[in-house]
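Coordinates as given in protein.cif (mmCIF, C-alpha atoms):
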data_final
#
loop_
_atom_site.label_atom_id
_atom_site.label_comp_id
_atom_site.auth_asym_id
_atom_site.auth_seq_id
_atom_site.Cartn_x
_atom_site.Cartn_y
_atom_site.Cartn_z
CA MET E 1 -25.66 70.50 30.42
CA SER E 2 -29.11 71.56 29.19
CA ASN E 3 -32.26 69.55 29.74
CA LEU E 4 -32.29 68.73 26.02
CA GLN E 5 -28.78 67.30 26.16
CA ILE E 6 -29.62 65.29 29.27
CA GLY E 7 -32.74 63.93 27.57
CA LEU E 8 -30.84 62.99 24.43
CA ALA E 9 -28.20 61.27 26.53
CA ILE E 10 -30.86 59.23 28.36
CA VAL E 11 -32.57 58.30 25.10
CA GLY E 12 -29.22 57.32 23.58
CA GLY E 13 -28.41 55.18 26.59
CA LEU E 14 -31.75 53.44 26.38
CA ILE E 15 -31.29 52.76 22.66
CA LEU E 16 -27.79 51.37 23.28
CA ALA E 17 -29.11 49.15 26.08
CA ALA E 18 -31.89 47.93 23.80
CA ILE E 19 -29.40 47.12 21.05
CA VAL E 20 -27.18 45.19 23.48
CA ALA E 21 -30.18 43.35 24.92
CA HIS E 22 -31.47 42.48 21.44
CA GLY E 23 -28.05 41.23 20.44
CA ALA E 24 -27.85 39.05 23.53
CA TRP E 25 -31.38 37.73 22.94
CA THR E 26 -30.58 36.96 19.30
CA SER E 27 -27.38 35.23 20.30
CA ARG E 28 -29.20 33.09 22.85
CA ARG E 29 -31.98 32.36 20.34
CA ASN E 30 -29.55 31.21 17.66
CA ALA E 31 -27.21 29.32 19.97
CA PRO E 32 -27.54 25.53 20.04
CA ARG E 33 -29.88 24.29 22.72
CA GLN E 34 -28.03 22.95 25.73
CA ALA E 35 -28.60 19.98 28.02
CA LEU E 36 -29.11 20.49 31.72
CA PRO E 37 -25.75 20.06 33.50
CA GLU E 38 -26.94 17.23 35.73
CA ALA E 39 -28.52 15.42 32.79
CA ALA E 40 -25.31 15.64 30.79
CA ALA E 41 -23.35 14.26 33.73
CA ASN E 42 -25.77 11.35 34.11
CA MET E 43 -25.50 10.68 30.39
CA GLN E 44 -21.74 10.23 30.68
CA ALA E 45 -22.01 8.06 33.77
CA GLU E 46 -24.53 5.69 32.20
CA SER E 47 -22.87 5.30 28.79
CA ALA E 48 -22.18 1.79 27.51
CA THR E 49 -20.68 0.09 24.51
CA GLU E 50 -22.99 -1.23 21.83
CA PRO E 51 -22.72 -4.78 20.49
CA ALA E 52 -21.48 -5.31 16.96
CA LEU E 53 -23.42 -7.07 14.24
CA LEU E 54 -22.92 -10.81 14.24
CA ASP E 55 -20.33 -12.14 11.85
CA ASP E 56 -18.24 -15.25 12.43
CA ALA E 57 -16.75 -13.90 15.64
CA SER E 58 -17.95 -14.60 19.17
CA LEU E 59 -20.25 -12.14 20.88
CA THR E 60 -19.29 -11.12 24.40
CA PRO E 61 -22.32 -11.28 26.69
CA ALA E 62 -22.78 -8.92 29.60
CA ILE E 63 -24.06 -9.85 33.05
CA GLY E 64 -27.69 -9.40 34.05
CA LEU E 65 -29.79 -10.61 31.10
CA PRO E 66 -29.90 -13.76 28.97
CA ALA E 67 -27.20 -13.70 26.32
CA VAL E 68 -27.24 -14.85 22.76
CA PRO E 69 -25.18 -17.92 21.80
CA LYS E 70 -21.46 -17.20 21.55
CA ARG E 71 -21.47 -18.14 17.87
CA ALA E 72 -23.79 -19.64 15.32
CA ALA E 73 -23.46 -23.31 14.47
CA MET E 74 -23.10 -24.04 10.80
CA ASP E 75 -26.36 -24.55 8.98
CA SER E 76 -26.79 -25.96 5.49
CA LEU E 77 -29.42 -23.28 4.82
CA ILE E 78 -26.75 -20.59 4.49
CA ASP E 79 -23.45 -22.54 4.61
CA VAL E 80 -21.47 -24.82 2.35
CA ILE E 81 -20.43 -27.67 4.65
CA ALA E 82 -17.61 -30.13 4.01
CA THR E 83 -17.30 -33.14 6.32
CA ILE E 84 -13.84 -34.24 7.49
CA ALA E 85 -13.54 -37.88 8.48
CA LEU E 86 -10.53 -38.98 10.49
CA ASP E 87 -8.37 -41.74 9.05
CA SER E 88 -9.33 -45.22 10.25
CA ALA E 89 -6.09 -45.49 12.18
CA THR E 90 -7.01 -42.37 14.15
CA ALA E 91 -9.92 -42.91 16.53
CA SER E 92 -10.01 -39.26 17.53
CA ALA E 93 -8.07 -36.02 17.42
CA SER E 94 -7.06 -33.79 20.28
CA GLY E 95 -8.28 -30.26 20.63
CA GLU E 96 -4.67 -29.12 20.79
CA ALA E 97 -3.94 -30.62 17.36
CA ALA E 98 -7.09 -29.12 15.88
CA VAL E 99 -6.42 -25.65 17.31
CA ALA E 100 -2.84 -25.75 16.00
CA ALA E 101 -4.12 -26.69 12.52
CA MET E 102 -6.70 -23.90 12.33
CA PRO E 103 -6.06 -21.37 9.53
CA ALA E 104 -4.76 -17.95 10.46
CA THR E 105 -7.89 -16.18 9.21
CA ARG E 106 -11.56 -17.07 9.58
CA ARG E 107 -12.59 -15.69 6.23
CA VAL E 108 -12.66 -16.91 2.65
CA GLY E 109 -12.71 -13.84 0.45
CA SER E 110 -15.53 -11.78 1.88
CA LYS E 111 -17.28 -14.75 3.53
CA PRO E 112 -16.99 -16.16 7.06
CA PHE E 113 -15.19 -19.50 7.29
CA ALA E 114 -15.47 -21.87 10.26
CA ILE E 115 -14.36 -25.27 11.47
CA GLU E 116 -16.22 -27.32 14.07
CA GLY E 117 -15.36 -30.57 15.81
CA TYR E 118 -17.65 -33.29 17.17
CA ASN E 119 -16.88 -33.38 20.88
CA LEU E 120 -16.81 -37.01 22.06
CA ALA E 121 -17.64 -35.98 25.64
CA THR E 122 -20.57 -33.65 25.01
CA LEU E 123 -21.68 -35.25 21.71
CA ALA E 124 -22.07 -31.80 20.20
CA TRP E 125 -20.45 -29.77 17.43
CA GLU E 126 -18.31 -26.88 18.63
CA PRO E 127 -15.27 -24.79 17.66
CA PRO E 128 -12.15 -26.83 18.51
CA MET E 129 -10.85 -26.24 22.05
CA THR E 130 -7.86 -27.52 23.93
CA GLY E 131 -8.46 -30.24 26.46
CA GLN E 132 -11.14 -31.94 24.34
CA ARG E 133 -11.17 -34.88 21.96
CA TYR E 134 -13.03 -34.93 18.66
CA GLY E 135 -14.34 -37.79 16.56
CA GLY E 136 -14.65 -35.78 13.37
CA PHE E 137 -14.77 -32.29 11.94
CA GLN E 138 -16.66 -30.15 9.48
CA ALA E 139 -15.67 -26.98 7.69
CA GLY E 140 -18.07 -24.39 6.36
CA VAL E 141 -18.18 -21.17 4.39
CA GLN E 142 -21.16 -18.86 4.22
CA LEU E 143 -23.06 -18.90 0.93
CA ALA E 144 -23.87 -15.19 0.89
CA ASN E 145 -23.81 -11.98 2.89
CA ARG E 146 -24.17 -8.30 2.09
CA SER E 147 -20.95 -8.50 0.09
CA GLY E 148 -22.66 -10.80 -2.41
CA PRO E 149 -22.82 -14.54 -3.18
CA LEU E 150 -20.01 -17.06 -2.82
CA ASN E 151 -18.16 -17.29 -6.14
CA GLU E 152 -15.93 -19.92 -7.74
CA ILE E 153 -12.69 -18.28 -6.56
CA GLU E 154 -13.92 -18.15 -2.97
CA TYR E 155 -15.09 -21.75 -3.18
CA SER E 156 -11.65 -22.81 -4.37
CA GLU E 157 -10.04 -20.96 -1.45
CA PHE E 158 -12.46 -22.75 0.87
CA VAL E 159 -11.30 -26.09 -0.53
CA VAL E 160 -7.63 -25.18 -0.07
CA LYS E 161 -8.09 -24.06 3.55
CA THR E 162 -10.18 -27.09 4.45
CA GLN E 163 -7.75 -29.51 2.80
CA ALA E 164 -4.81 -27.99 4.67
CA PHE E 165 -6.63 -28.41 7.98
CA ALA E 166 -7.62 -31.99 7.13
CA ASP E 167 -4.04 -32.91 6.20
CA ALA E 168 -2.77 -31.56 9.51
CA ILE E 169 -5.12 -33.76 11.56
CA ASN E 170 -4.93 -36.86 9.33
CA GLY E 171 -8.43 -36.40 7.99
CA THR E 172 -10.16 -36.72 4.64
CA PRO E 173 -12.60 -34.00 3.54
CA GLU E 174 -15.63 -34.52 1.36
CA PHE E 175 -16.78 -31.44 -0.54
CA PRO E 176 -20.16 -30.67 -2.12
CA GLU E 177 -20.17 -30.08 -5.89
CA MET E 178 -18.88 -26.57 -6.56
CA LEU E 179 -21.26 -25.52 -9.35
CA GLU E 180 -24.30 -26.57 -7.34
CA GLU E 181 -23.15 -24.63 -4.28
CA VAL E 182 -22.31 -21.51 -6.28
CA ALA E 183 -25.75 -21.67 -7.89
CA ARG E 184 -27.31 -22.04 -4.45
CA ALA E 185 -25.31 -19.05 -3.27
CA ARG E 186 -26.65 -16.91 -6.10
CA GLU E 187 -30.22 -17.93 -5.36
CA LEU E 188 -29.83 -17.13 -1.66
CA ASP E 189 -28.18 -13.79 -2.48
CA HIS E 190 -31.06 -12.94 -4.82
CA PHE E 191 -33.56 -13.64 -2.04
CA ALA E 192 -31.55 -11.69 0.52
CA SER E 193 -31.12 -8.68 -1.76
CA ALA E 194 -34.86 -8.54 -2.40
CA HIS E 195 -35.69 -8.67 1.33
CA ASP E 196 -32.93 -6.59 2.89
CA ALA E 197 -34.76 -3.64 4.44
CA GLN E 198 -32.95 -0.83 6.24
CA LEU E 199 -35.18 2.05 7.29
CA GLY E 200 -34.16 5.59 8.14
CA PHE E 201 -35.90 8.66 9.49
CA THR E 202 -34.32 12.11 9.64
CA LEU E 203 -35.22 14.59 12.36
CA ARG E 204 -34.56 18.19 11.30
CA ALA E 205 -34.52 21.27 13.54
CA LEU E 206 -37.24 23.77 12.73
CA GLN E 207 -35.71 26.70 14.64
CA SER E 208 -32.71 26.59 16.96
CA ALA E 209 -29.96 24.07 16.35
CA TRP E 210 -29.13 21.43 18.96
CA SER E 211 -25.93 20.84 20.89
CA PRO E 212 -24.67 17.24 21.18
CA GLY E 213 -25.48 17.26 24.89
CA TYR E 214 -29.04 18.38 24.20
CA ILE E 215 -29.52 15.53 21.72
CA GLN E 216 -28.04 13.00 24.15
CA GLN E 217 -30.21 14.28 26.98
CA ASN E 218 -33.44 13.87 25.04
CA ALA E 219 -32.47 10.53 23.52
CA ALA E 220 -31.43 9.15 26.90
CA ARG E 221 -34.94 9.76 28.19
CA LEU E 222 -36.12 7.24 25.60
CA GLY E 223 -33.56 4.60 26.61
CA PHE E 224 -30.74 5.36 24.15
CA ILE E 225 -27.19 4.92 25.39
CA ALA E 226 -23.83 6.06 24.03
CA GLY E 227 -22.61 4.00 21.09
CA SER E 228 -19.11 2.94 20.14
CA LEU E 229 -18.54 5.87 17.76
CA PRO E 230 -18.77 9.66 18.21
CA GLY E 231 -22.19 10.98 17.34
CA ARG E 232 -23.82 7.58 17.73
CA MET E 233 -26.35 6.29 20.27
CA VAL E 234 -28.18 2.98 20.38
CA LEU E 235 -31.39 1.61 21.84
CA PRO E 236 -30.33 -1.75 23.33
CA ALA E 237 -32.22 -4.96 22.67
CA SER E 238 -33.88 -6.83 25.53
CA VAL E 239 -31.34 -9.66 25.08
CA VAL E 240 -27.76 -8.78 26.00
CA GLY E 241 -25.36 -9.22 23.10
CA ALA E 242 -28.02 -8.82 20.41
CA PRO E 243 -27.71 -5.95 17.92
CA PRO E 244 -29.34 -2.68 19.00
CA VAL E 245 -33.00 -2.16 18.19
CA LEU E 246 -32.38 1.33 16.83
CA VAL E 247 -29.39 3.54 16.05
CA LEU E 248 -29.45 7.32 16.45
CA SER E 249 -26.65 9.26 14.80
CA PHE E 250 -25.57 12.82 14.14
CA ASP E 251 -22.51 14.61 12.76
CA PRO E 252 -19.45 12.95 14.40
CA GLN E 253 -17.42 16.14 13.91
CA ALA E 254 -19.93 17.98 16.09
CA ALA E 255 -19.57 15.30 18.76
CA LEU E 256 -15.76 15.72 18.68
CA ALA E 257 -15.74 19.53 18.76
CA GLU E 258 -13.58 21.18 21.43
CA ASP E 259 -16.49 23.33 22.63
CA LEU E 260 -19.57 21.09 22.60
CA ALA E 261 -21.76 23.91 23.86
CA GLN E 262 -21.12 25.84 20.64
CA SER E 263 -21.29 22.76 18.39
CA ALA E 264 -24.49 23.07 16.36
CA VAL E 265 -26.42 20.11 14.95
CA ARG E 266 -29.47 20.64 12.77
CA GLU E 267 -30.43 17.06 11.98
CA ILE E 268 -30.19 13.59 13.44
CA ALA E 269 -30.92 10.21 11.89
CA LEU E 270 -32.76 7.17 13.24
CA HIS E 271 -31.89 3.84 11.62
CA LEU E 272 -33.44 0.36 11.79
CA ASP E 273 -31.72 -2.68 10.28
CA VAL E 274 -34.83 -4.84 9.94
CA ALA E 275 -33.28 -8.29 9.50
CA GLN E 276 -30.96 -7.83 12.49
CA VAL E 277 -33.69 -7.12 15.06
CA ASP E 278 -36.19 -9.59 16.48
CA ARG E 279 -39.76 -8.87 15.43
CA ALA E 280 -40.84 -9.24 19.07
CA GLU E 281 -38.89 -6.06 19.91
CA GLN E 282 -41.47 -4.08 17.86
CA PRO E 283 -38.63 -2.05 16.37
CA PHE E 284 -40.60 -0.02 13.85
CA LEU E 285 -43.22 1.00 16.39
CA ARG E 286 -40.45 2.09 18.75
CA MET E 287 -38.67 3.91 15.93
CA ARG E 288 -41.85 5.76 15.03
CA ASP E 289 -42.60 6.65 18.65
CA ALA E 290 -39.02 7.79 19.27
CA ALA E 291 -39.07 10.03 16.21
CA THR E 292 -42.40 11.56 17.23
CA VAL E 293 -41.39 12.19 20.83
CA LEU E 294 -38.03 13.68 19.86
CA ALA E 295 -39.63 15.93 17.25
CA GLN E 296 -42.06 17.30 19.81
CA ALA E 297 -39.49 17.74 22.56
CA MET E 298 -36.80 19.29 20.35
CA GLU E 299 -38.99 21.31 17.97
CA GLY E 300 -38.13 19.30 14.91
CA VAL E 301 -39.85 17.60 12.02
CA VAL E 302 -39.57 13.97 10.92
CA THR E 303 -38.68 13.52 7.25
CA ASP E 304 -37.58 10.84 4.83
CA ASP E 305 -34.20 10.75 3.10
CA LEU E 306 -35.45 13.27 0.52
CA GLY E 307 -36.45 15.82 3.14
CA GLN E 308 -40.18 15.22 2.77
CA ALA E 309 -42.20 15.31 5.98
CA LEU E 310 -43.52 11.87 6.92
CA ALA E 311 -47.23 11.82 7.53
CA PRO E 312 -48.86 9.24 9.84
CA ALA E 313 -50.45 7.58 6.80
CA SER E 314 -47.01 7.00 5.27
CA MET E 315 -45.76 5.43 8.46
CA ASP E 316 -48.83 3.18 8.60
CA GLN E 317 -48.06 1.95 5.10
CA ILE E 318 -44.44 1.22 6.00
CA SER E 319 -45.63 -0.73 9.03
CA GLN E 320 -47.95 -2.89 6.91
CA GLU E 321 -45.23 -3.63 4.38
CA LEU E 322 -42.87 -4.63 7.18
CA GLU E 323 -45.34 -7.18 8.50
CA GLY E 324 -45.31 -8.87 5.10
CA LEU E 325 -41.51 -8.85 5.06
CA TYR E 326 -41.35 -10.41 8.51
CA ASP E 327 -43.70 -13.19 7.38
CA THR E 328 -41.62 -13.90 4.27
CA LEU E 329 -38.37 -14.11 6.23
CA ALA E 330 -39.94 -16.43 8.80
CA GLN E 331 -41.31 -18.72 6.08
CA ARG E 332 -37.76 -19.05 4.71
CA ASP E 333 -36.48 -19.98 8.22
CA LEU E 334 -34.66 -16.64 8.32
CA ALA E 335 -36.80 -14.84 10.87
CA ALA E 336 -35.62 -11.30 11.62
CA GLY E 337 -33.25 -11.26 14.56
CA SER E 338 -32.46 -14.97 14.33
CA ILE E 339 -28.84 -16.12 14.26
CA LEU E 340 -29.14 -17.18 10.62
CA ALA E 341 -30.74 -13.90 9.53
CA ARG E 342 -28.12 -11.89 11.36
CA ARG E 343 -25.34 -13.85 9.69
CA LEU E 344 -26.87 -13.61 6.21
CA PHE E 345 -27.69 -9.91 6.45
CA SER E 346 -24.25 -8.82 7.67
#
Structure encoded using structure tokens:
Amino acid sequence: MSNLQIGLAIVGGLILAAIVAHGAWTSRRNAPRQALPEAAANMQAESATEPALLDDASLTPAIGLPAVPKRAAMDSLIDVIATIALDSATASASGEAAVAAMPATRRVGSKPFAIEGYNLATLAWEPPMTGQRYGGFQAGVQLANRSGPLNEIEYSEFVVKTQAFADAINGTPEFPEMLEEVARARELDHFASAHDAQLGFTLRALQSAWSPGYIQQNAARLGFIAGSLPGRMVLPASVVGAPPVLVLSFDPQAALAEDLAQSAVREIALHLDVAQVDRAEQPFLRMRDAATVLAQAMEGVVTDDLGQALAPASMDQISQELEGLYDTLAQRDLAAGSILARRLFS
């Protein structure tokens, strides 16, 4: 083999090696960013289940921090309340009788429905329980929620359910006037609709996409934990059982992919349900800080729903408007994060 042939062979080999190396570099550059193995393992070990938004069901508190009340007592501010007096011949009713008479469902149309008894031992209203005796009862249906105001059909169903319960315990119900309550429901719904703020930021990748593990790793550093659904993480509130302060979400299909290392995500969302979170948690400040830190760490940009980059001045304006909203809700006795606000805005 001549020197020329040897030289050409060497040059060809070098070019081939360069092509292979460039291909490998390009592949690594375009591949989704990966979490460190130990960080991903810690993420799985520390995952927890997020609490659900409050409806008419009990919240299950965890151990270690103060818990929210198991359920909200009825309140005339957001509930229609019908009193149920026991017949004069009946001094009291047993918890067993009341529990047996409870309706099969705790909803009237799209609204939560509840019955409470006046416990003669504790002198407090509570959901009927066996082993207790009650001197009277009250039934309630929520005036409004995110499904809309209580309407005439729902009110009629409320009357039917309450009457059936009263008949079973030898009681007599007294109902508020339907048209007045329906009008009150519409007014409350109008207020709630005008003050129901749900904020969202989108974090978009500027260069390389992200793997689910990489997202989880970075979010976990800010206190986010695994949520109840694939592609969802939450920032827990300081009170156990309360709704999360923030929700981080990304494509659930990416989170369920067989090969997570090759699952590419190019955007994640941060969400704040304003009325559900106590003002003292400083949720918007934490949302803003989380978005900024994640954008810097993951080489992304923070945008609004339309894809426009959010400047600090825009965030300042949002913060000012939120302060006014918080004040308005508090003046209406519906402070953000309160039991009543969480029930109304659910």
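When all atoms listed in the file are used to compute distances to Arg279 (chain E), the closest of the residues E:Ala291, E:Leu143, E:Leu329, E:Leu310 turns out to be E:Leu329.
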Practice item. Can you pull out every residue within 8 Å of Ala82 (chain E), counting all atoms listed in the file, but drop anything in the same chain fewer than 3 positions away, and send it as a ChimeraX atom specification? Key: /E:138-140,173-176
Exercise for review: Specify as number ranges by chain each residue included when the PyMOL selection byres ((chain E and resi 345) around 12) is applied to this file.
Suggested key: E: 53-55, 78, 111, 142-149, 188-189, 191-198, 273-277, 329, 334-344, 346
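Taking CA of Gln282 (chain E) and CA of Leu294 (chain E) as endpoints, the distance between them is 18.2 Å.
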**Study point:** Between CA of Val247 (chain E) and CA of Ser228 (chain E) - distance in Å to one decimal
**Key:** 11.1 Å
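A straight line drawn from CA of Ser238 (chain E) to CA of Met298 (chain E) is 26.8 Å long.
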Point to revise | Answer key for the PyMOL selection byres ((chain E and resi 254-269) around 9), residues as a ChimeraX atom specification | key: /E:31-35,200-213,215,230-232,247-253,270-271,300
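Between Leu285 (chain E) and the candidates E:Gly241, E:Gly307, E:Pro312, E:Gly227, the tightest atom-to-atom separation, counting only C-alpha atoms, involves E:Pro312.
Ranking E:Ala100, E:Pro128, E:Ser88, E:Tyr155 by their shortest atom-to-atom distance to Pro112 (chain E), with all atoms listed in the file included, puts E:Tyr155 first.
Considering all atoms listed in the file, the residue among E:Phe284, E:Asp75, E:Thr328, E:Val302 positioned nearest to Asp316 (chain E) is E:Phe284.
For the structure in this document, the set picked by the PyMOL selection byres ((chain E and resi 223) around 10) is Asn218, Ala219, Ala220, Arg221, Leu222, Phe224, Ile225, Met233, Val234, Leu235, Pro236 and Ala290 of chain E.
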